[in-house]
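Here the structure comes first, spelled out in structure tokens, and everything after it is commentary.
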Amino acid sequence: MADLQDELQATAEAGRLDAPAKRKPKPSHRFGAAEPVAPPDGTAERGTADGAKAPEAAPEAAGRLADPEGAEQSDGLEEAHAFLADHPVADGYSGLPWVLRHLPWYDLELGGSGVDTDVPRMHEGHIGALFWSLHLPEPLTGDRAVGATLEQLDLVHKAVHAHPEGLRLVRTAGEVTDAHNCGRVAILLGPAGAPALGDSLAILRALHALGLKALTLAGVSWASEAGLSRFGEEVVREMNRVGVLADLSGAGEQTIRRTLAVSRAPVLCTRSAAHALRPHPANLTDDLLAALGEAHGLCMVPLTAEQTGPSVRDVADHLDHVRSIAGPESVGLSGTYDSGAAHPEDLTDASCYPHLVAELLHRGWSHDDLALLTWGNVQRVLRNADFTARAARDRREASTARIADLDG
């Protein structure tokens, strides 16, 4: 992290987490229908052969009669739901905008079978905040990339405004907390792809004015396998000035290392797991995970079979590994739902986060580390990025640099 990091660390309010107010847990439901939850101790009323109620079993007797593994799983899920009611998930990546673009009709508050993510399932999974990707499946460049990204951004605005009871568009850490405390899912715009800038810092500022919060530094000449060019470094500095986060998932190693050196704000890797456990191109080596931790960045582990494995235990293995290398303050979650990716068993849609949290509780994760994983780390990154932007705007004017001037 560059020199402003010392200032960030010295300012207590910049690193202080906005904890969501405690609210009553929402009922477990899908498409608005509540489902009854069986008592965890096995003491539900049981009928006898003549229809009379049998005496309730004592707790210890009920424990002997119940299937131990089933009871343990039930208790784990109940504890996970209780934990997530106070510490919801800030999910780093959703491909929902592109899916909605191709649906003739949808209602996210009622739910639907055409998507992995809707308001009922987000409530069931205790998602409090969600980054909606503006990525484009086609490798568009130039004006076409700019126009298609603007269309995606417009669609997100319309979708959020059409569902005011369930969703709220936000930009800052404080707005994220306020939205959650009002019962809404906080929607953050991004990441968008770097081609969306059209090699123009003015377009970066325009996209930020429309709500863009994260930009992926890949797929352009100024952020390549060779690293950041002079113009690329200027893009990162301008992102810091306006408050757009750098997303480094899928970026080349040299681009990652140079961005960590140039950026005065924390960076994200919105879809990266541990390369040591699964050698996927977007996963990070231990050296990069350690560098990310030193820079106070955030590795958001995707819930995809391709990058983490076919089971919830595989995902938990990656979270364990990232935490051990980068530290508990540098690991987060990325559902990556509605992206076309296959998902592990028990993590098939946005409602499934309690299964993952139950597995982590079973592994002995402390509530403090879990709270950072689900909510606190994203809040820290958002707050520090906003603080960095305020300080940077006091120090420099908006950049008018052009790629032809800096890179030739």
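Every chain in the structure tokens has a letter given in the order shown (A, B, ...), and although residue numbers restart at 1 in each chain, ligands are simply numbered from 1 in the order shown.
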
request  = Name all residues at most 8 Å from Ala226 (chain A) (count only C-alpha atoms; drop same-chain ones fewer than 2 positions away) and give them as a PyMOL selection string.
outcome  = chain A and resi 223-224+228+252+254-255

Using C-alpha atoms, can you write the selected residues to a file as a short mmCIF file (atom, residue, chain, number, x, y, z; two decimals), in the first residue's frame?
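Saved to result12.cif:
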data_model
loop_
_atom_site.label_atom_id
_atom_site.label_comp_id
_atom_site.auth_asym_id
_atom_site.auth_seq_id
_atom_site.Cartn_x
_atom_site.Cartn_y
_atom_site.Cartn_z
CA ALA A 223 -3.43 -3.58 -17.52
CA SER A 224 -1.98 -6.74 -19.05
CA LEU A 228 0.30 -1.59 -15.47
CA GLY A 252 -2.00 -10.78 -14.54
CA GLN A 254 2.47 -8.16 -12.58
CA THR A 255 -0.71 -6.06 -12.75
#

For region 364-376 of chain A, work out the shell of residues within 8 Å, counting only C-alpha atoms and skipping chain neighbours fewer than 2 positions away, then give it as a PDB file with C-alpha atoms, in the first residue's frame.
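Writing done, so here's around.pdb:
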ATOM      1  CA  LEU A  17     -16.749  -1.327  11.155  1.00  0.00           C
ATOM      2  CA  ASP A  18     -20.362  -0.317  10.822  1.00  0.00           C
ATOM      3  CA  ALA A  19     -22.096  -3.166  12.590  1.00  0.00           C
ATOM      4  CA  HIS A  87     -23.827 -10.642  10.803  1.00  0.00           C
ATOM      5  CA  PRO A  88     -25.277 -10.900   7.278  1.00  0.00           C
ATOM      6  CA  VAL A  89     -23.346 -11.719   4.137  1.00  0.00           C
ATOM      7  CA  ALA A  90     -21.813  -9.045   1.925  1.00  0.00           C
ATOM      8  CA  ASP A  91     -21.573 -11.009  -1.329  1.00  0.00           C
ATOM      9  CA  PRO A 328      -8.785 -13.097   8.798  1.00  0.00           C
ATOM     10  CA  GLU A 329      -9.172  -9.437   7.749  1.00  0.00           C
ATOM     11  CA  VAL A 331     -11.010 -13.010   3.299  1.00  0.00           C
ATOM     12  CA  GLY A 332     -14.582 -12.624   2.076  1.00  0.00           C
ATOM     13  CA  LEU A 333     -17.349 -14.412   0.171  1.00  0.00           C
ATOM     14  CA  VAL A 357     -21.395 -20.922   7.894  1.00  0.00           C
ATOM     15  CA  LEU A 360     -17.116 -23.112   9.364  1.00  0.00           C
ATOM     16  CA  LEU A 361     -18.613 -23.150  12.862  1.00  0.00           C
ATOM     17  CA  HIS A 362     -18.066 -26.913  12.937  1.00  0.00           C
ATOM     18  CA  VAL A 378     -16.339  -5.559   3.016  1.00  0.00           C
ATOM     19  CA  GLN A 379     -17.407  -2.690   5.274  1.00  0.00           C
ATOM     20  CA  ARG A 380     -13.765  -1.960   6.106  1.00  0.00           C
TER      21      ARG A 380
END

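If only C-alpha atoms are the atoms counted, then among A:Leu77, A:Leu140, A:Leu150, A:Val267 the closest residue to Pro97 (chain A) is A:Leu150.
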
ask   = What are the DSSP strand (DSSP E or B) residues of region 259-363 of chain A, as an MDAnalysis selection string?
value = chainID A and resid 268:269 274 284 298:302 331:334 337

Selected residues, N, CA and C atoms, written as a compact mmCIF listing (two decimals), in the first residue's frame, please.
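The resulting file, result29.txt, is shown below:
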# COMPACT_ATOMS: atom_id res chain seq x y z
N LEU A 268 -9.82 -5.29 -4.17
CA LEU A 268 -10.62 -6.51 -4.08
C LEU A 268 -10.13 -7.53 -5.08
N CYS A 269 -10.29 -8.78 -4.76
CA CYS A 269 -10.28 -9.86 -5.74
C CYS A 269 -11.65 -10.51 -5.61
N ALA A 274 -7.85 -20.18 -3.56
CA ALA A 274 -6.45 -20.52 -3.31
C ALA A 274 -5.89 -21.39 -4.44
N LEU A 284 -5.41 -17.29 -6.55
CA LEU A 284 -4.18 -16.60 -6.17
C LEU A 284 -3.19 -17.54 -5.51
N LEU A 298 -8.68 -7.60 -0.04
CA LEU A 298 -9.71 -8.58 0.29
C LEU A 298 -9.84 -9.61 -0.82
N CYS A 299 -9.63 -10.88 -0.48
CA CYS A 299 -9.83 -11.99 -1.40
C CYS A 299 -11.20 -12.59 -1.12
N MET A 300 -12.10 -12.48 -2.10
CA MET A 300 -13.47 -12.95 -1.95
C MET A 300 -13.59 -14.31 -2.66
N VAL A 301 -13.70 -15.36 -1.88
CA VAL A 301 -13.66 -16.72 -2.40
C VAL A 301 -14.97 -17.07 -3.07
N PRO A 302 -14.93 -17.50 -4.34
CA PRO A 302 -16.17 -17.80 -5.07
C PRO A 302 -16.74 -19.16 -4.69
N VAL A 331 -10.26 -11.94 3.95
CA VAL A 331 -11.01 -13.01 3.30
C VAL A 331 -12.50 -12.67 3.33
N GLY A 332 -13.16 -12.90 2.19
CA GLY A 332 -14.58 -12.62 2.08
C GLY A 332 -15.26 -13.67 1.22
N LEU A 333 -16.52 -13.43 0.88
CA LEU A 333 -17.35 -14.41 0.17
C LEU A 333 -17.88 -13.84 -1.13
N SER A 334 -17.95 -14.70 -2.13
CA SER A 334 -18.45 -14.30 -3.44
C SER A 334 -19.31 -15.43 -3.99
N TYR A 337 -23.35 -16.27 -8.13
CA TYR A 337 -24.58 -16.85 -8.67
C TYR A 337 -25.02 -16.09 -9.92

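Between CA of Ser94 (chain A) and CA of Glu124 (chain A) there is a distance of 16.4 Å.
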
request  = Find the spatial neighbours of region 200-216 of chain A, counting only C-alpha atoms, within a cut-off of 8 Å - ignore same-chain residues fewer than 5 positions away - and output them as a ChimeraX atom specification.
outcome  = /A:153,170-171,188-194,235,238-239,242-249,251,399-403

Excluding Asp346 (chain A) and any residue of its chain fewer than 2 positions from it, enumerate the residues within 8 Å of it, using only C-alpha atoms, and give them as a tab-separated table (two decimals) with C-alpha atoms, in the first residue's frame.
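And here's around37.tsv as it stands now:
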chain	number	residue	atom	x	y	z
A	311	SER	CA	-18.68	-29.62	-2.01
A	312	VAL	CA	-19.22	-27.14	0.79
A	344	PRO	CA	-21.03	-26.96	-5.08
A	348	THR	CA	-26.74	-24.09	-5.30
A	352	CYS	CA	-27.52	-21.50	0.91
A	355	HIS	CA	-24.79	-24.34	5.09

query = Taking into account only C-alpha atoms, which residue in the set A:Val322, A:Ala385, A:Leu84, A:Leu96 is nearest to Pro266 (chain A)?
reply = A:Ala385

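Across the model, the gap from CA of Arg230 (chain A) to CA of Leu406 (chain A) is 5.8 Å.
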
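CA of Gly92 (chain A) is positioned 22.0 Å from CA of Gly112 (chain A).
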
Residues at most 10 Å from Gly250 (chain A), counting only C-alpha atoms, excluding those fewer than 6 positions away in the same chain, as a PDB file with C-alpha atoms, in the first residue's frame?
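So selection.pdb came out as:
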ATOM      1  CA  THR A 216     -11.733  -5.143 -12.998  1.00  0.00           C
ATOM      2  CA  LEU A 217      -8.219  -4.339 -14.217  1.00  0.00           C
ATOM      3  CA  ALA A 218      -7.895  -6.852 -17.045  1.00  0.00           C
ATOM      4  CA  GLY A 219      -8.556  -7.119 -20.756  1.00  0.00           C
ATOM      5  CA  ILE A 256      -1.716  -7.339  -9.302  1.00  0.00           C
ATOM      6  CA  CYS A 269     -10.281  -9.861  -5.740  1.00  0.00           C
ATOM      7  CA  THR A 270     -13.979 -10.494  -6.270  1.00  0.00           C
ATOM      8  CA  ARG A 271     -13.658 -14.082  -7.537  1.00  0.00           C
ATOM      9  CA  SER A 272     -10.380 -15.654  -6.377  1.00  0.00           C
ATOM     10  CA  HIS A 280      -7.488 -22.155 -11.587  1.00  0.00           C
ATOM     11  CA  PRO A 281      -6.153 -19.113 -13.527  1.00  0.00           C
ATOM     12  CA  ALA A 282      -8.165 -16.669 -11.380  1.00  0.00           C
ATOM     13  CA  ASN A 283      -7.034 -18.224  -8.080  1.00  0.00           C
ATOM     14  CA  LEU A 284      -4.182 -16.603  -6.168  1.00  0.00           C
TER      15      LEU A 284
END
